[in-house]
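These notes concern the structure reproduced below.
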Amino acid sequence: MPPETLTALQEIAATNQWSALAPEITLGVAALLLLALELALPKRLVAVAVPRVAFLGLAAALALVFKDWAAPLFGPELFGGLVRQTTDSQIMRVFFLVASALVAFIATVVLPKHKVPRVEFFHVLLVATGALMLLPQSNHFVQLFVALETVTVALYILVAYFRTSPFSLEAGLKYLVMGSLSSALLLFGIVLLYGVAGNPLLAGHTAQAMNFGELAAFVRLNPEHPLVVVGAALVLSGIAFKIGAVPFQIWVPDVYQGAPTPVTAFLAVSSKAAGFALLLVLVRGPFQALAHVTIPLLSTFAALSLLFGNLAALGQRNVKRLMGLSGVSHAGFLLVGVVAAIAREDAVSWAPAAVYFYLFTYLIGAMATFGVMAHVSVGDDADQDFRHYAGLARRSPLLGAVLACGVGSLAGIPPLAGFIGKLLIFVAAFQAHQWTLLGVAIVAVVISIYYYFGWVRAAFYDQGSESDRNVAPIHLGVAAGATLVALALAAVLLGLYQGPLGQWIATR
Amino acid sequence: MTPVTTTLALLLLPLASATVIALFLRRRHNLAAALSVTAAAGIAALAATLIFAADRTPVTASLEWLTLGPLNLSLGFLVDDLAKLMLSVVAFVGFLIHVFSLGYMHDDAAKARFFGGLSVFMFSMLGIVLADNLFMIFIFWELVGFSSYLLINHYNQKQSAADASKKAFIVNRVGDFGFLLGIIWCWWQFGTTNLTELTATMGEGGVIVSTALPLLLFCGAVGKSAQFPLQVWLPDAMEGPTPVSALIHAATMVAAGIYMLCRIDVLMTADALQVILWIGVATAAYAALCAVVQRDIKKVLAYSTLSQLGYMVAAFGLGSQATISHQEYQLLDGKVAIDLLPVLVPAGAAAAMFHLTTHAFFKALLFLGSGSVIAGCHHEQDIFKMGGLWKKMPVTFWTFTIGVAAIVGLPFLSGFFSKDAILYLAFQNNKAVFGILTATAVLTSFYMIRMWKITFFGEARSHESEHAHETGLTMTLPLVVLAVLSVIGGYGWFFPSIAGSFAEAIPVAHGTAHTAMLLLSIGILSVGAGAAWLFYKSEPTDTLAAKSPAAFGLLERLKEGPDRFYGYYVAKVQQRFAMVLNFLDTIFVAGLPRVGAEIVSWFGAGARLLHVGSIHGYVYWFLFGAALCWAIATGLL
Amino acid sequence: MTISLNAFLLVAGLLFAIGFFGVLLRRNTLVLYMCLELMLNATTLALVAFSRFNGTADGNTFVFFIITVAAAEVAVGLAIIVQLYRLRRTVQVDELTALRD
Amino acid sequence: MNDATLQLLLQLAVATPLAGGLILAFGNLLPKRVCKLIAFVGFLVPLLVALHLWWAYAAAPKTSGYAFLSVTDLGLSRAVGIALKLGLNGISLPLFVMAALVGFAAGVSALNSGAERLKQYLMLLLVMHGGLLGVFASVDIFFFYFFHEFALIPTFIMVGLWGGRDRTYAAMKMTIYLTVGAMLSLAGLIAIYTKSGAASFDLINLRLALAGDGALLASLQHHFFGLLLFGFGILVSLWPFHTWAPLGYGAAPTAVSMLHAGVLKKFGLYGLVQIALPLLPLGAQDWSQWLVWLALANIVIIGLVTMAQRDLKQMISYGSVMHVGYGFLGVATLTTLGAGGAVLFMVAHGLSVALLFLLGQEVLVRTGTFDLTQMGGLVKRAPVLAAFFSAAMLASIGLPGFAGFWGELTIFLSLWTISKTVTALALLGVVISAVYGLRAVAKIFFGEETELHAKYAAAHPTADLSWSARLPALVLLAALFFLGFWPKALTTPLNATLGEIYPAIEAAVKVVATQ
């Protein structure tokens with residue numbers, strides 16, 4: 001081993017700060033502990049213990065994230081350039097942990113209604129959360145690809161979790177085919193970028209083509225090179241699949257309908273958020289010099305998603321498909337924020353923060369709605385229609401109120417958080433002179449009010465046919481009730497008082 | 001009590017009485033009546049102190065009411081000779097009518113509301129009389145319209161009364177439409193609507209840009225004094241109780257139009273006066289013709305009022321623009337004060353006001369007389385059902401006769417002096433007008449004597465008139481006082497005391513012209529009265545209808561004409577047009593967005609159908625997506 | 001006679017296209033699945049070619065990750081297809097359209 | 001009362017109804033009587049505070065800037081410049097007082113309206129009332145918009161749940177129309193803010209940033225004013241966008257239509273007078289011709305359409321849509337007189353429309369129908385109601401002695417600068433409103449009693465206007481009378497503020513009178 005390689009290896013080894021990834025590691029350990037628990041504990045205790053351990057694992061991870069929130073580990077790339085931690089990645093790690101906790105909560109409500117093993121769900125969930133947390137910290141395509149594929153494969157399993165229901169399996173198959181197709185495209189993009197960045201004939205070629213820093217330097221030198229541009233486009237298309245933006249969104253309604261409700265929530269919130277976190281990292285990292293490509297591309301995606309998402313959702317009666325399509329329209333709004341972040345980097349420095357703020361309001365609104373859906377779905381999980389919501393306000397006023405807050409926040413009705421999220425995106429887009437996108441966004445909001453109003457109307461106004469009337473009021477566990485009320489209050493409070501989050505945006 | 005405080009008290013007294021009645025005395029009828037009458041008495045007393053005050057200088061005061069940008073609108077008084085003359089009419093006649101209504105409305109169910117309404121009317125009328133700028137006149141103009149609406153609608157159970165009051169208010173509003181437009185134009189043209197300032201600016205050579213301005217202001221008078229295009233509401237206004245007809249639709253409110261014209265005669269131009277003249281003449285002639293065929297005693301008097309108002313407007317039209325001479329002198333603080341020398345009042349305005357005053361007296365007398373007749377005959381109003389009342393109601397008969405004598409122009413009564421002044425003025429200025437006015441005078445005496453004979457002579461023609469009885473003292477006393485006023489109203493020693501400078505400007509014929517006018521009026525009287533007396537037998541049917549149905553039918557159609565025209569316009573044209581607009585509104589303006597929403601929902605359905613469910617279909621989307629990315633990346637798109 | 005980089009890329013591109021259109025056209029889910037794996041292998045080929053000609057080592061290490069991920073996908077994918085066959089007694093893609101609007 | 005306590009009072013006025021609403025949200029824990037008491041306090045306190053602030057303001061009228069100004073940062077102040085700034089100036093004070101008055105009247109009428117699920121109904125009404133007060137009290141443009149939406153959401157819910165016939169369709173149509181309007185105006189407001197480069201999103205800084213040569217380019221002003229005009233136009237039912245109003249108010253419960261038609265609809269006009277005109281004078285000039293003709297369409301076309309209405313509530317709704325045309329005309333003249341007239345008009349119209357809806361409901365209670373063709377002779381059974389209703393109708397058609405006259409007079413005076421024909425056409429409205437107004441009064445109350453009335457009266461012998469119903473009507477009528485007799489109470493503060501803002505507009509805008 002020549003001495004200089006030895007020293008080089010030692011230097012790289014020095015950057016392996018395992019403590020930086022402590023939260024992810026605890027999740028992994030917790031996941032394994034769950035499996036062990038299932039073996040050790042008697043049958044009846046398992047059903048109770050498993051969710052609690054899962055929550056404990058998540059809480060521990062959250063604590064660790066907060067412990068060394070601004071530790072010196074930031075800045076230099078860790079693990080030989082694989083991982084790079086910034087405030088944005090820290091915020092997203094908190095986001096994923098909170099989202100997974102809520103998904104776990106919904107799972108505790110939905111899973112008992114179906115004869116499916118309980119442990120594997122939480123095990124896979126924890127592993128997926130760990131992978132999700134790694135994504136925004138990735139600084140190298142290998143790290144990106146591995147984390148992305150872990151999440152995707154975990155989701156294949158979760159989407160097809162109800163082995164006895166054809167819908168869940170078919171959704172799993174569709175998600176599988178689409179997922180692997182998109183990861184193939186992504187991979188092809190990475191390969192092209194790797195190929196062209198390493199090509200010795202080009203100026204600024206680099207050995208570490210996979211590393212974002214090196215790649216960014218190379219791209220800055222020859223932004224017009226066809227292979228670079230096509231490679232970047234293909235990578236962005238892979239991510240477009242993840243966030244469910246048009247034209248890669250055709251699978252969303254079917255998979256959202258087929259998948260179990262907690263998994264739909266996981267897909268709608270965490271997977272989409274991961275896509276956006278990654279997009280922001282790529283677009284402001286390696287592809288920063290490619291603004292002439294990324295802006296038109298993402299603007300087209302945004303405009304199409306806003307229009308397609310809202311139009312398709314207009315006549316939609318099935319609640320889960322509606323959430324899917326509304327997710328597509330929210331992807332459109334977020335893309336407007338991302339475009340604003342790229343368009344005038346200097347003027348609108350706080351645009352990425354606006355995107356993250358929007359993600360949090362989307363988290364609250366969506367999770368509140370999914371929480372209510374979990375309680376309302378009686379028979380087959382896939383078939384939830386407006387009819388089931390008829391006279392919800394009478395059957396359980398609390399669920400009615402939470403639904404109103406959740407859907408209201410998704411729709412962007414003023415007193416609720418969603419409105420502030422949309423407002424920040426609008427102001428950012430205005431300052432970034434994205435006039436056409438704003439026009440489309442305004443039209444989109446108006447159309448979205450229609451189908452959200454339709455849903456709330458079903459819950460509050462329609463008395464429903466006789467058959468639904470005599471359905472017994474929905475039983476609501478104390479913990480479940482508390483979580484839902486907390487979510488609803490968060491939606492209202494964040495709408496009125498942005499406090500720390502507001503300050504955080506300002507300090508960007 | 002300085003003059004200003006008396007004027008203020010004069011204005012606020014009826015307002016106070018109206019508010020007290022409205023708030024506290026709605027059930028206490030007698031107390032409300034008493035309060036209203038005492039208020040009227042107070043007004044008469046205060047007015048007397050103002051009118052007969054020693055120094056003749058005009059009382060002025062004003063208070064800034066509203067400032068907004070360039071507009072600073074203030075409300076104030078200008079009590080000069082003209083105002084004092086009108087004040088005397090309003091105060092004295094008003095008081096007498098209040099006393100009369102004590103008796104007439106004695107057993108009415110809503111007496112409190114009636115007397116409250118009278119007080120509101122007195123407040124608004126005094127507002128017009130005392131106002132010193134056009135804005136204030138307009139405000140009280142509409143309030144007077146409202147009070148006439150309130151009082152015509154007194155018997156609100158009757159559908160006809162409700163329709164009549166609505167018609168009166170709307171027609172007044174049409175007049176106010178033009179009036180307000182004129183005021184706005186005047187404000188923008190002269191920067192102020194204060195009458196004294198207007199006179200001053202006109203005096204310094206201010207020029208009226210276009211005759212449209214005075215004509216628009218004249219619209220107000222047309223609406224209020226029921227001149228030709230807008231005269232349809234006055235006959236219907238007879239639905240109100242008789243004291244209301246006497247006070248509002250004979251003596252004061254309808255005269256407000258002429259009073260307002262005299263107030264702003266500085267703004268008149270020659271051809272505006274020409275238009276006013278011919279409208280006055282047209283109304284006079286038209287109304288006189290219609291009066292000939294009326295059956296209802298109050299309708300006859302209503303049309304006769306219309307005709308006399310036509311006379312007054314014609315008289316005003318005959319006069320020329322006021323010539324203003326003034327003297328400017330520097331005040332201490334450098335402001336220029338304008339001391340108006342006694343304004344040379346135009347003859348037309350003086351004649352109009354003179355006739356207005358005398359008309360107020362004898363027309364009020366006639367109306368109250370008819371009221372007393374109606375009360376006596378237990379609310380029977382059709383003259384062909386009366387007859388032989390001269391024996392049963394002597395006081396009413398004699399006072400009524402004095403009234404008739406005054407209106408037909410029996411020499412040496414007030415009517416003779418004022419009508420001849422107008423005829424003489426017409427004779428001097430415009431022969432054609434003189435001819436028509438003389439013919440109208442003949443018609444006037446014709447229909448008055450007709451009504452007089454049918455009502456009082458012959459034998460009683462119905463059960464009510466059979467048992468008619470003289471009315472009480474509260475009703476007959478005002479009749480007597482008014483009869484006295486109708487007689488002495490025209491004489492030189494009475495009228496100048498209330499008219500001041502207006503009295504000198506009245507055109508009086510001297511020498512040969514004097515005798516000619518005397519003979520003329522005697523001729524008119526004998527021709528008209530004689531024909532009526534001989535022609536009409538006092539039987540239950542109208543002899544004209546019996547004798548020459550064609551003429552009767554013609555006159556009948558003449559009366560119905562405008563009513564049917566307006567009725568057709570409102571019911572057919574306006575309502576149809578409104579229906580069409582409503583239909584268009586609900587179909588197009590509301591329809592378009594619905595169509596838009598429908599189209600959007602089609603797109604929605606289309607987008608939804610794209611989810612075909614088969615994996616192959618979805619992979620095609622991916623192909624399209626990859627192609628799109630590649631195209632945008634390489635700059636194709 | 002040495003094979004140039006472009007030749008490798010050409011083969012990789014062809015393989016990728018074949019895989020893509022295989023997914024697009026074949027009706028049997030299993031064959032469709034093989035085509036997906038084919039596309040992944042095409043990318044590995046291209047990666048190795050780039051790594052060799054550019055003289056950089058990252059490409060080679062990346063290949064191993066791709067292979068492991070592909071293996072994981074296959075395991076999960078086949079489990080789903082088998083279970084789906086047990087329930088629906090078919091693997092034809094055109095018949096698996098229960099979820100649609 | 002030093003300035004600090006006055007600021008606190010203003011915050012209190014806006015906060016009490018909201019707090020009341022919050023308490024009533026957990027209403028089913030409290031007995032009904034307590035809920036009604038809380039609601040009554042929630043409606044009363046803002047009225048008392050508003051009157052006191054009015055008196056305090058009159059004592060020391062501010063010729064520039066805002067009185068009772070208080071700033072509370074809710075987190076977004078550094079990032080986007082948004083903070084809750086409450087304050088009143090000459091333009092917003094009259095409307096704030098009117099909002100408090102109408103709110104109190106609507107609240108009291110709702111209290112004894114006996115609507116089912118009364119607690120939720122009162123909660124939503126309190127939230128709406130808080131939103132209304134917030135609209136006129138907020139200096140920060142964002143919160144100006146935020147409070148408007150805050151008041152709009154309960155409206156949709158109340159129309160949808162407690163409404164009359166085809167209420168769900170009406171609620172749906174209102175939601176869509178008003179959201180489109182709200183989005184357009186929000187877009188305009190944000191555009192102004194972003195382009196002005198002002199330090200924060202409130203009127204004071206915006207006017208500073210845009211004053212003098214800092215003004216925006218004429219083309220930008222043109223587009224932004226277009227956005228604001230059509231956004232506010234939809235919210236205030238300008239002619240082509242008015243179709244939601246009659247449908248919405250027809251189906252809305254009384255208290256909601258009182259508050260919405262009376263107060264919330266003034267959001268757009270107030271926005272134009274307080275925000276759009278001062279900040280975008282050149283834009284306003286470009287659009288003023290459009291606005292004039294659209295507003296005239298409002299007056300003449302909708303006026304005639306009102307005449308064709310057979311349903312009383314529809315007629316009142318169409319009447320309010322027609323009268324709004326006057327407000328727009330006042331604004332379109334771009335003069336101090338016009339804008340002042342528009343504000344006076346808004347106050348008077350708010351009071352009279354609310355009174356008409358209130359009494360319209362009382363007529364329904366006594367006749368069982370809104371269909372005018374079957375009504376007649378109600379005066380025999382309800383003389384006091386007849387008196388109130390005719391007074392309300394006369395106030396709404398602008399009879400002097402009521403507040404409405406001053407608004408209309410000043411607007412007509414200001415219109416002269418535009419052209420004679422425009423003034424004449426606008427004045428037509430005076431006659432049209434007299435026709436449909438008096439026709440309705442005569443149809444309902446006077447003339448013989450129709451057999452329908454007699455039958456209904458026999459079945460439900462209801463006495464005349466009860467005292468609990470008379471209180472709100474008296475409050476509104478007293479306000480109309482007071483402002484009619486003593487307009488100076490409003491015009492002095494109004495003139496002071498307009499004097500500070502509008503001369504600059506008139507200078508910037510050389511309004512060419514298209515004679």
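By convention here, the chains of the structure tokens are called A, B, ... in the order presented, each chain's residues are numbered starting at 1, and ligands are numbered starting at 1 in the order presented.
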Proximity of chain C to chain B: per-residue shortest pair, 12 Å limit, only C-alpha atoms, as JSON lines:
{"residue": "C:Ala17", "atom": "CA", "partner": "B:Leu623", "partner_atom": "CA", "distance": 11.0}
{"residue": "C:Phe20", "atom": "CA", "partner": "B:Leu623", "partner_atom": "CA", "distance": 8.7}
{"residue": "C:Phe21", "atom": "CA", "partner": "B:Leu623", "partner_atom": "CA", "distance": 9.4}
{"residue": "C:Gly22", "atom": "CA", "partner": "B:His616", "partner_atom": "CA", "distance": 10.4}
{"residue": "C:Val23", "atom": "CA", "partner": "B:Val619", "partner_atom": "CA", "distance": 7.6}
{"residue": "C:Leu24", "atom": "CA", "partner": "B:His616", "partner_atom": "CA", "distance": 5.7}
{"residue": "C:Leu25", "atom": "CA", "partner": "B:His616", "partner_atom": "CA", "distance": 7.1}
{"residue": "C:Arg26", "atom": "CA", "partner": "B:His616", "partner_atom": "CA", "distance": 8.6}
{"residue": "C:Arg27", "atom": "CA", "partner": "B:His616", "partner_atom": "CA", "distance": 8.3}
{"residue": "C:Asn28", "atom": "CA", "partner": "B:His616", "partner_atom": "CA", "distance": 11.0}
{"residue": "C:Thr29", "atom": "CA", "partner": "B:Ile615", "partner_atom": "CA", "distance": 9.7}
{"residue": "C:Leu32", "atom": "CA", "partner": "B:His616", "partner_atom": "CA", "distance": 10.1}
{"residue": "C:Leu36", "atom": "CA", "partner": "B:Val619", "partner_atom": "CA", "distance": 11.9}
{"residue": "C:Gln92", "atom": "CA", "partner": "B:Ser614", "partner_atom": "CA", "distance": 10.3}
{"residue": "C:Val93", "atom": "CA", "partner": "B:Ile615", "partner_atom": "CA", "distance": 6.6}
{"residue": "C:Asp94", "atom": "CA", "partner": "B:Ser614", "partner_atom": "CA", "distance": 5.9}
{"residue": "C:Glu95", "atom": "CA", "partner": "B:Ser614", "partner_atom": "CA", "distance": 7.9}
{"residue": "C:Leu96", "atom": "CA", "partner": "B:Ser614", "partner_atom": "CA", "distance": 6.8}
{"residue": "C:Thr97", "atom": "CA", "partner": "B:Gly613", "partner_atom": "CA", "distance": 4.8}
{"residue": "C:Ala98", "atom": "CA", "partner": "B:Gly613", "partner_atom": "CA", "distance": 7.0}
{"residue": "C:Leu99", "atom": "CA", "partner": "B:Gly613", "partner_atom": "CA", "distance": 5.7}
{"residue": "C:Arg100", "atom": "CA", "partner": "B:Gly613", "partner_atom": "CA", "distance": 4.3}
{"residue": "C:Asp101", "atom": "CA", "partner": "B:His611", "partner_atom": "CA", "distance": 5.9}
**Asked** Where in chain C does DSSP assign helix (DSSP H, G or I), given as a VMD selection string?
**Response** chain C and resid 5 to 25 29 to 54 58 to 88 93 to 95
**Prompt:** If we count only C-alpha atoms, which residues of chain C reach to within 6 Å of chain A? Please list them as an NGL selection string.
**Reply:** :C and (40 or 43 or 47 or 50 or 54 or 56 or 99)
**Message:** From the options B:Ala110, B:Ile258, B:Ala351, B:Met448, which residue's atoms come nearest to B:Ala33, counting only C-alpha atoms?
**Reply:**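 Of all the options, B:Ala110 lies closest to B:Ala33.
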**Asked** Which residues, written as a count of residues only, have at least one atom at most 6 Å from stretch 181-191 of chain D, with only C-alpha atoms counted and residues fewer than 4 positions away on the same chain left out?
**Response** 7
**Message:** Could you check the closest approach to chain D for each of A:Ile474, A:Ala31, A:Ile449, A:Ala233 and tell me which residue wins, using only C-alpha atoms?
**Reply:** A:Ile449
**Message:** Could you tell me which residues of chain A sit within 6 Å of chain B when counting only C-alpha atoms, and give me the result as an MDAnalysis selection string?
**Reply:** chainID A and resid 229:230 233 247 293 311:312 314
If you keep N, CA, C and O atoms, can you produce a file of those selected residues as a JSON list (two decimals), in the first residue's frame?
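This is the output file out29.json:
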[["chain", "number", "residue", "atom", "x", "y", "z"],
["A", 229, "VAL", "N", -26.61, 18.45, -20.19],
["A", 229, "VAL", "CA", -28.00, 18.97, -20.13],
["A", 229, "VAL", "C", -28.99, 17.79, -20.10],
["A", 229, "VAL", "O", -29.87, 17.73, -19.24],
["A", 230, "VAL", "N", -28.76, 16.79, -20.99],
["A", 230, "VAL", "CA", -29.71, 15.66, -21.04],
["A", 230, "VAL", "C", -29.62, 14.87, -19.75],
["A", 230, "VAL", "O", -30.65, 14.50, -19.14],
["A", 233, "ALA", "N", -31.49, 16.60, -17.12],
["A", 233, "ALA", "CA", -32.95, 16.50, -17.36],
["A", 233, "ALA", "C", -33.45, 15.14, -16.91],
["A", 233, "ALA", "O", -34.49, 15.04, -16.23],
["A", 247, "PRO", "N", -45.16, 15.44, -16.19],
["A", 247, "PRO", "CA", -45.93, 14.33, -16.76],
["A", 247, "PRO", "C", -45.65, 12.98, -16.10],
["A", 247, "PRO", "O", -45.90, 11.94, -16.73],
["A", 293, "VAL", "N", -31.70, 25.57, -18.09],
["A", 293, "VAL", "CA", -32.46, 24.33, -18.39],
["A", 293, "VAL", "C", -33.48, 24.09, -17.28],
["A", 293, "VAL", "O", -34.67, 23.86, -17.52],
["A", 311, "LEU", "N", -57.66, 20.10, -12.31],
["A", 311, "LEU", "CA", -58.77, 19.72, -13.22],
["A", 311, "LEU", "C", -59.19, 18.28, -12.97],
["A", 311, "LEU", "O", -60.38, 17.98, -12.83],
["A", 312, "ALA", "N", -58.21, 17.39, -12.84],
["A", 312, "ALA", "CA", -58.57, 15.98, -12.67],
["A", 312, "ALA", "C", -59.30, 15.78, -11.35],
["A", 312, "ALA", "O", -60.18, 14.94, -11.22],
["A", 314, "LEU", "N", -61.40, 17.75, -10.05],
["A", 314, "LEU", "CA", -62.72, 18.44, -10.01],
["A", 314, "LEU", "C", -63.85, 17.45, -9.78],
["A", 314, "LEU", "O", -64.60, 17.57, -8.81]]
**Request:** For stretch 409-422 of chain D, please output as a PyMOL selection string all residues within 9 Å (counting only C-alpha atoms; exclusion window: fewer than 6 positions along the same chain).
**Result:** (chain B and resi 68+71+180-181+184-185+187-188) or (chain D and resi 292-293+296+326-327+329-342+344-345+398+511-515)
Listing only residues of chain A within 8 Å of chain D, what is the closest atom pair and its distance in Å (to one decimal) for each, using only C-alpha atoms, sorted by chain and residue number ascending, as JSON lines?
{"residue": "A:Trp350", "atom": "CA", "partner": "D:Ala79", "partner_atom": "CA", "distance": 7.8}
{"residue": "A:Ile413", "atom": "CA", "partner": "D:Glu149", "partner_atom": "CA", "distance": 7.8}
{"residue": "A:Pro414", "atom": "CA", "partner": "D:Glu149", "partner_atom": "CA", "distance": 6.1}
{"residue": "A:Pro415", "atom": "CA", "partner": "D:Phe150", "partner_atom": "CA", "distance": 6.2}
{"residue": "A:Leu424", "atom": "CA", "partner": "D:Val80", "partner_atom": "CA", "distance": 8.0}
{"residue": "A:Val427", "atom": "CA", "partner": "D:Ile190", "partner_atom": "CA", "distance": 6.5}
{"residue": "A:Phe430", "atom": "CA", "partner": "D:Ala191", "partner_atom": "CA", "distance": 6.7}
{"residue": "A:Gln431", "atom": "CA", "partner": "D:Thr194", "partner_atom": "CA", "distance": 5.9}
{"residue": "A:Ile442", "atom": "CA", "partner": "D:Met183", "partner_atom": "CA", "distance": 6.5}
{"residue": "A:Val446", "atom": "CA", "partner": "D:Val180", "partner_atom": "CA", "distance": 6.0}
{"residue": "A:Ile449", "atom": "CA", "partner": "D:Ile176", "partner_atom": "CA", "distance": 7.3}
{"residue": "A:Tyr450", "atom": "CA", "partner": "D:Ile176", "partner_atom": "CA", "distance": 7.0}
{"residue": "A:Phe453", "atom": "CA", "partner": "D:Met172", "partner_atom": "CA", "distance": 7.9}
{"residue": "A:Phe460", "atom": "CA", "partner": "D:Leu161", "partner_atom": "CA", "distance": 7.9}
{"residue": "A:Tyr461", "atom": "CA", "partner": "D:Leu161", "partner_atom": "CA", "distance": 6.2}
{"residue": "A:Leu496", "atom": "CA", "partner": "D:Leu74", "partner_atom": "CA", "distance": 7.3}
{"residue": "A:Tyr497", "atom": "CA", "partner": "D:Leu74", "partner_atom": "CA", "distance": 5.0}
{"residue": "A:Gln498", "atom": "CA", "partner": "D:Gly75", "partner_atom": "CA", "distance": 4.8}
{"residue": "A:Gly499", "atom": "CA", "partner": "D:Gly75", "partner_atom": "CA", "distance": 4.0}
{"residue": "A:Pro500", "atom": "CA", "partner": "D:Gly75", "partner_atom": "CA", "distance": 6.7}
{"residue": "A:Leu501", "atom": "CA", "partner": "D:Gly75", "partner_atom": "CA", "distance": 7.5}
{"residue": "A:Gly502", "atom": "CA", "partner": "D:Gly75", "partner_atom": "CA", "distance": 4.7}
{"residue": "A:Gln503", "atom": "CA", "partner": "D:Gly75", "partner_atom": "CA", "distance": 6.1}
{"residue": "A:Ile505", "atom": "CA", "partner": "D:Ala79", "partner_atom": "CA", "distance": 6.1}
{"residue": "A:Ala506", "atom": "CA", "partner": "D:Ala79", "partner_atom": "CA", "distance": 4.1}
{"residue": "A:Thr507", "atom": "CA", "partner": "D:Ala79", "partner_atom": "CA", "distance": 7.8}
**Message:** One decimal, in Å: what's the spacing between atom CA of B:Phe588 and atom CA of D:Gly325?
**Reply:**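 Computing the Euclidean distance for atom CA of B:Phe588 and atom CA of D:Gly325 yields 19.9 Å.
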For chain B against chain D, with a cut-off of 8 Å and counting only C-alpha atoms, what is the closest atom pair and its distance in Å to one decimal for every residue that makes the cut, ordered by chain and number, as a tab-separated table?
residue	atom	partner	partner_atom	distance
B:Trp65	CA	D:Lys488	CA	6.4
B:Leu66	CA	D:Lys488	CA	5.4
B:Thr67	CA	D:Thr491	CA	6.6
B:Leu68	CA	D:Asn495	CA	5.3
B:Gly69	CA	D:Leu337	CA	5.4
B:Pro70	CA	D:Leu337	CA	7.0
B:Leu71	CA	D:Leu337	CA	7.3
B:Ile139	CA	D:Pro400	CA	5.5
B:Phe140	CA	D:Pro400	CA	7.7
B:Glu142	CA	D:Leu399	CA	6.8
B:Leu143	CA	D:Pro400	CA	6.7
B:Asn156	CA	D:Phe446	CA	5.3
B:Gln157	CA	D:Gly447	CA	4.7
B:Lys158	CA	D:Gly447	CA	4.9
B:Gln159	CA	D:Gly447	CA	3.8
B:Ser160	CA	D:Gly447	CA	7.5
B:Ala161	CA	D:Gly447	CA	7.8
B:Ala162	CA	D:Phe446	CA	5.9
B:Asp163	CA	D:Ala442	CA	7.4
B:Lys166	CA	D:Leu438	CA	6.2
B:Ile170	CA	D:Ala434	CA	6.3
B:Arg173	CA	D:Val431	CA	6.0
B:Val174	CA	D:Val431	CA	6.1
B:Phe177	CA	D:Leu427	CA	6.4
B:Leu181	CA	D:Ala424	CA	6.9
B:Ile184	CA	D:Leu413	CA	5.8
B:Trp185	CA	D:Trp416	CA	7.7
B:Trp188	CA	D:Trp416	CA	7.8
B:Gln575	CA	D:Ala308	CA	6.6
B:Phe577	CA	D:Leu304	CA	7.7
B:Ala578	CA	D:Leu304	CA	4.9
B:Met579	CA	D:Ala308	CA	5.3
B:Leu581	CA	D:Val305	CA	5.8
B:Asn582	CA	D:Val305	CA	4.8
B:Asp585	CA	D:Val305	CA	7.9
B:Thr586	CA	D:Thr243	CA	7.6
B:Val589	CA	D:Pro240	CA	6.3
B:Ala590	CA	D:Thr243	CA	5.5
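When atom CA of B:Pro14 is paired with atom CA of B:Phe123, their separation reads 5.2 Å.
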**Request:** Write out as a list in words each polymer residue whose atoms come within 12 Å of B:Asp108, counting only C-alpha atoms; drop sequence neighbours fewer than 2 positions from it.
**Result:**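 What passes the distance filter is His29, Asn30, Ala33, Ser101, Leu102, Gly103, Tyr104, Met105, His106, Ala110, Lys111, Ala112, Arg113, Phe114, Phe115, His154, Tyr155 and Pro241 of chain B.
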